Amino acid sequence: MEIKKSPTKVVLAHLITKPDYQLALDLMYQKLVLKNYSEHTIKTYRHMFKQFLRHIHPMSLHKVSTAHIMHYHHLLVTKRNVSASYQNQSINAIKFYIEKVLNLPKLQYDLCRPRKSKTLPKVISLEEVSRILDVTTNIKHKAILSVIYGCGLRISECINLKNEDIDSSNMRVWVRNAKGKKDRITLLSSSLLELLRDYYRIYKPKQWLFEGVNDKQYSTSSIRQVFNRSKKKALVNVPATVHTLRHSFATHLLDCGTNLRYIQKLLGHSSSKTTEIYTHVSTTNLTNITSPFEMLPKRVSGHWKTIFWKK
């Protein structure tokens, strides 16, 4: 029986057999590797660029103009309703090919960047974090979530930790080759160290601090499942993901009066503007501000009370 391919797969199959398209993808991959981009970025850029090639197929690459690129991104917005993040990733991928692979100057094109929506990070309270950790009975799962929260790590940074990254002598954790290929140091609390020692005595990880099947790195999908189960069990009903633990780490430090500059270093932010967003969700900052309503003359407030109680 003949298996029919979907139209999308047929187009993509024909796409990568087109010599100049395949050469472009190969050259882009080689340049990304040479520039030491992360596996995640390489995968994203290649996917985005391949989608663009699919759109212009069967046009030759040397005929592609700025107008074609602009039209493609206009369609992404109007027809596919993609997010600002998706648009930016697509633009970055095409820019990388033009600037880094073809070595063409930036002045030859002008891509309009979509405006990102300024959403506040989701955070949960200290009490909610405590409940989530309390209901996580498996010591490996508890250790993973505790490290992410207690050190302010991204999920990828957590699974990349090795045994030697836990510096108990100086009470710190080394986060190596993190986002932007940067190393940094973050906090290691005494209670977290005790938990990690208990975990280590039971599991005895060989290389990675948290190992999964066949001593390989623990998977991000498994961590997400652990968090979602514990969140549900702890009756924490607010929208939250594993990354919320990192946001909560920063917000709780700010609530305790920690200098924003120190929080920036602990999180590994290049710009202080990225860290400043936590000032908008810090409850301490809000409770220390007096509403102008409280400054109204007492007689006005009393007049309102009289009217209210008369009704």
# chains A, B, ... in the order shown; residues from 1 in each chain; ligands from 1

call {"tool": "residues_around", "arguments": {"residues": "region 138-148 of chain A", "least_positions_apart": "3", "cutoff": "7 Å", "atoms": "only C-alpha atoms", "output": "NGL selection string"}}
result
:A and (133 or 151-155 or 158 or 195-196 or 199 or 226 or 245-246)

call {"tool": "write_last_selection", "arguments": {"atoms": "N, CA and C atoms", "output": "PDB file, in the first residue's frame"}}
result
ATOM      1  N   LEU A 133       7.226  22.424  47.770  1.00  0.00           N
ATOM      2  CA  LEU A 133       8.375  21.600  48.166  1.00  0.00           C
ATOM      3  C   LEU A 133       7.993  20.568  49.218  1.00  0.00           C
ATOM      4  N   CYS A 151      18.589  28.676  44.052  1.00  0.00           N
ATOM      5  CA  CYS A 151      19.735  29.253  43.347  1.00  0.00           C
ATOM      6  C   CYS A 151      19.302  30.186  42.217  1.00  0.00           C
ATOM      7  N   GLY A 152      18.001  30.244  41.954  1.00  0.00           N
ATOM      8  CA  GLY A 152      17.504  31.117  40.895  1.00  0.00           C
ATOM      9  C   GLY A 152      17.923  30.673  39.513  1.00  0.00           C
ATOM     10  N   LEU A 153      17.827  29.363  39.246  1.00  0.00           N
ATOM     11  CA  LEU A 153      18.322  28.812  37.988  1.00  0.00           C
ATOM     12  C   LEU A 153      17.231  28.672  36.930  1.00  0.00           C
ATOM     13  N   ARG A 154      17.662  28.722  35.689  1.00  0.00           N
ATOM     14  CA  ARG A 154      16.815  28.290  34.583  1.00  0.00           C
ATOM     15  C   ARG A 154      16.803  26.767  34.602  1.00  0.00           C
ATOM     16  N   ILE A 155      15.796  26.171  33.994  1.00  0.00           N
ATOM     17  CA  ILE A 155      15.689  24.709  34.020  1.00  0.00           C
ATOM     18  C   ILE A 155      16.873  24.062  33.299  1.00  0.00           C
ATOM     19  N   CYS A 158      19.901  23.996  35.548  1.00  0.00           N
ATOM     20  CA  CYS A 158      19.797  22.973  36.590  1.00  0.00           C
ATOM     21  C   CYS A 158      20.265  21.612  36.075  1.00  0.00           C
ATOM     22  N   LEU A 195      20.123  19.179  52.159  1.00  0.00           N
ATOM     23  CA  LEU A 195      19.221  18.405  51.305  1.00  0.00           C
ATOM     24  C   LEU A 195      20.006  17.721  50.185  1.00  0.00           C
ATOM     25  N   LEU A 196      20.944  18.446  49.574  1.00  0.00           N
ATOM     26  CA  LEU A 196      21.753  17.877  48.489  1.00  0.00           C
ATOM     27  C   LEU A 196      22.638  16.750  48.998  1.00  0.00           C
ATOM     28  N   TYR A 199      20.440  13.752  49.369  1.00  0.00           N
ATOM     29  CA  TYR A 199      20.147  13.240  48.025  1.00  0.00           C
ATOM     30  C   TYR A 199      21.346  12.473  47.475  1.00  0.00           C
ATOM     31  N   VAL A 226       7.126  16.931  37.231  1.00  0.00           N
ATOM     32  CA  VAL A 226       7.270  16.914  38.694  1.00  0.00           C
ATOM     33  C   VAL A 226       6.669  18.183  39.283  1.00  0.00           C
ATOM     34  N   LEU A 245       9.650  29.608  39.542  1.00  0.00           N
ATOM     35  CA  LEU A 245      10.503  29.486  40.728  1.00  0.00           C
ATOM     36  C   LEU A 245      11.681  30.458  40.646  1.00  0.00           C
ATOM     37  N   ARG A 246      12.248  30.619  39.466  1.00  0.00           N
ATOM     38  CA  ARG A 246      13.354  31.575  39.266  1.00  0.00           C
ATOM     39  C   ARG A 246      12.863  33.006  39.468  1.00  0.00           C
TER      40      ARG A 246
END

call {"tool": "select_by_dssp", "arguments": {"residues": "region 224-269 of chain A", "states": "alpha helix (DSSP H)", "output": "number ranges by chain"}}
result
A: 224-233, 242-255, 260-267

call {"tool": "write_last_selection", "arguments": {"atoms": "C-alpha atoms", "output": "PDB file, in the first residue's frame"}}
result
ATOM      1  CA  ARG A 224       8.049  20.082  34.343  1.00  0.00           C
ATOM      2  CA  GLN A 225       5.908  17.043  35.131  1.00  0.00           C
ATOM      3  CA  VAL A 226       7.270  16.914  38.694  1.00  0.00           C
ATOM      4  CA  PHE A 227       6.524  20.611  39.223  1.00  0.00           C
ATOM      5  CA  ASN A 228       3.008  20.390  37.804  1.00  0.00           C
ATOM      6  CA  ARG A 229       2.159  17.375  39.986  1.00  0.00           C
ATOM      7  CA  SER A 230       3.485  19.037  43.128  1.00  0.00           C
ATOM      8  CA  LYS A 231       1.779  22.335  42.307  1.00  0.00           C
ATOM      9  CA  LYS A 232      -1.540  20.554  41.914  1.00  0.00           C
ATOM     10  CA  LYS A 233      -1.030  18.508  45.065  1.00  0.00           C
ATOM     11  CA  VAL A 242       9.087  25.760  36.636  1.00  0.00           C
ATOM     12  CA  HIS A 243      10.511  29.113  35.501  1.00  0.00           C
ATOM     13  CA  THR A 244       8.185  30.799  38.004  1.00  0.00           C
ATOM     14  CA  LEU A 245      10.503  29.486  40.728  1.00  0.00           C
ATOM     15  CA  ARG A 246      13.354  31.575  39.266  1.00  0.00           C
ATOM     16  CA  HIS A 247      11.120  34.661  39.084  1.00  0.00           C
ATOM     17  CA  SER A 248      10.008  34.045  42.666  1.00  0.00           C
ATOM     18  CA  PHE A 249      13.636  33.692  43.825  1.00  0.00           C
ATOM     19  CA  ALA A 250      14.413  37.172  42.457  1.00  0.00           C
ATOM     20  CA  THR A 251      11.221  38.751  43.794  1.00  0.00           C
ATOM     21  CA  HIS A 252      11.638  37.285  47.273  1.00  0.00           C
ATOM     22  CA  LEU A 253      15.235  38.532  47.427  1.00  0.00           C
ATOM     23  CA  LEU A 254      14.006  41.994  46.481  1.00  0.00           C
ATOM     24  CA  ASP A 255      11.298  41.783  49.144  1.00  0.00           C
ATOM     25  CA  LEU A 260      19.040  44.950  42.683  1.00  0.00           C
ATOM     26  CA  ARG A 261      22.618  44.853  41.395  1.00  0.00           C
ATOM     27  CA  TYR A 262      23.342  41.675  43.400  1.00  0.00           C
ATOM     28  CA  ILE A 263      20.147  40.056  42.129  1.00  0.00           C
ATOM     29  CA  GLN A 264      21.210  40.892  38.571  1.00  0.00           C
ATOM     30  CA  LYS A 265      24.524  39.075  39.105  1.00  0.00           C
ATOM     31  CA  LEU A 266      22.863  36.048  40.702  1.00  0.00           C
ATOM     32  CA  LEU A 267      20.425  35.723  37.784  1.00  0.00           C
TER      33      LEU A 267
END

call {"tool": "select_by_dssp", "arguments": {"residues": "region 88-259 of chain A", "states": "strand (DSSP E)", "output": "list in words"}}
result
Ile166, Asp167, Arg172, Val173, Trp174, Val175, Arg184, Ile185, Thr186 and Leu187 of chain A

call {"tool": "write_last_selection", "arguments": {"atoms": "N, CA and C atoms", "output": "mmCIF file, in the first residue's frame"}}
result
data_model
loop_
_atom_site.group_PDB
_atom_site.id
_atom_site.type_symbol
_atom_site.label_atom_id
_atom_site.label_comp_id
_atom_site.auth_asym_id
_atom_site.auth_seq_id
_atom_site.Cartn_x
_atom_site.Cartn_y
_atom_site.Cartn_z
ATOM 1 N N ILE A 166 28.946 22.195 42.846
ATOM 2 C CA ILE A 166 28.473 22.507 44.196
ATOM 3 C C ILE A 166 29.697 22.755 45.078
ATOM 4 N N ASP A 167 29.973 24.017 45.337
ATOM 5 C CA ASP A 167 31.153 24.417 46.111
ATOM 6 C C ASP A 167 30.736 24.629 47.566
ATOM 7 N N ARG A 172 28.637 28.186 47.599
ATOM 8 C CA ARG A 172 28.198 28.775 46.336
ATOM 9 C C ARG A 172 28.025 27.682 45.288
ATOM 10 N N VAL A 173 27.295 28.017 44.241
ATOM 11 C CA VAL A 173 27.057 27.097 43.125
ATOM 12 C C VAL A 173 27.575 27.739 41.851
ATOM 13 N N TRP A 174 28.373 26.996 41.112
ATOM 14 C CA TRP A 174 28.876 27.486 39.823
ATOM 15 C C TRP A 174 27.873 27.135 38.725
ATOM 16 N N VAL A 175 27.457 28.134 37.981
ATOM 17 C CA VAL A 175 26.576 27.925 36.828
ATOM 18 C C VAL A 175 27.428 28.161 35.591
ATOM 19 N N ARG A 184 28.641 31.978 35.893
ATOM 20 C CA ARG A 184 28.347 32.863 37.017
ATOM 21 C C ARG A 184 28.319 32.044 38.300
ATOM 22 N N ILE A 185 28.248 32.740 39.419
ATOM 23 C CA ILE A 185 28.172 32.113 40.733
ATOM 24 C C ILE A 185 26.872 32.532 41.388
ATOM 25 N N THR A 186 26.215 31.589 42.049
ATOM 26 C CA THR A 186 24.991 31.927 42.758
ATOM 27 C C THR A 186 25.026 31.340 44.167
ATOM 28 N N LEU A 187 23.958 31.578 44.902
ATOM 29 C CA LEU A 187 23.902 31.224 46.322
ATOM 30 C C LEU A 187 23.776 29.721 46.571
#

call {"tool": "atom_distance", "arguments": {"atom1": "CA of His74 (chain A)", "atom2": "CA of His55 (chain A)"}}
result
12.3 Å

call {"tool": "decode", "arguments": {"residues": "region 131-186 of chain A", "atoms": "C-alpha atoms", "output": "short mmCIF file (atom, residue, chain, number, x, y, z; two decimals), in the first residue's frame"}}
result
data_model
loop_
_atom_site.label_atom_id
_atom_site.label_comp_id
_atom_site.auth_asym_id
_atom_site.auth_seq_id
_atom_site.Cartn_x
_atom_site.Cartn_y
_atom_site.Cartn_z
CA ARG A 131 3.85 24.02 50.09
CA ILE A 132 5.08 22.84 46.69
CA LEU A 133 8.38 21.60 48.17
CA ASP A 134 6.66 20.01 51.18
CA VAL A 135 4.40 17.81 49.03
CA THR A 136 7.33 16.72 46.85
CA THR A 137 8.25 13.56 48.73
CA ASN A 138 10.78 12.05 46.29
CA ILE A 139 14.13 13.43 47.47
CA LYS A 140 15.55 13.79 43.94
CA HIS A 141 12.49 15.72 42.80
CA LYS A 142 12.57 17.87 45.93
CA ALA A 143 16.30 18.57 45.41
CA ILE A 144 15.76 19.59 41.78
CA LEU A 145 12.95 22.04 42.55
CA SER A 146 14.83 23.33 45.59
CA VAL A 147 17.97 24.03 43.55
CA ILE A 148 16.00 25.85 40.85
CA TYR A 149 14.30 28.04 43.44
CA GLY A 150 17.12 28.36 45.98
CA CYS A 151 19.74 29.25 43.35
CA GLY A 152 17.50 31.12 40.90
CA LEU A 153 18.32 28.81 37.99
CA ARG A 154 16.81 28.29 34.58
CA ILE A 155 15.69 24.71 34.02
CA SER A 156 18.49 24.15 31.48
CA GLU A 157 21.06 25.43 34.00
CA CYS A 158 19.80 22.97 36.59
CA ILE A 159 20.17 19.89 34.40
CA ASN A 160 23.64 21.06 33.29
CA LEU A 161 24.97 21.14 36.86
CA LYS A 162 27.76 18.71 37.65
CA ASN A 163 28.81 17.38 41.06
CA GLU A 164 31.86 19.64 41.17
CA ASP A 165 29.70 22.74 40.61
CA ILE A 166 28.47 22.51 44.20
CA ASP A 167 31.15 24.42 46.11
CA SER A 168 30.31 23.62 49.73
CA SER A 169 33.57 25.14 51.04
CA ASN A 170 32.57 28.61 49.88
CA MET A 171 28.78 28.00 49.98
CA ARG A 172 28.20 28.77 46.34
CA VAL A 173 27.06 27.10 43.12
CA TRP A 174 28.88 27.49 39.82
CA VAL A 175 26.58 27.93 36.83
CA ARG A 176 28.75 27.19 33.83
CA ASN A 177 28.19 27.96 30.16
CA ALA A 178 24.74 29.41 30.86
CA LYS A 179 22.69 31.62 28.55
CA GLY A 180 25.01 33.71 26.40
CA LYS A 181 27.86 31.23 27.03
CA LYS A 182 28.57 32.90 30.38
CA ASP A 183 29.61 31.46 33.75
CA ARG A 184 28.35 32.86 37.02
CA ILE A 185 28.17 32.11 40.73
CA THR A 186 24.99 31.93 42.76
#
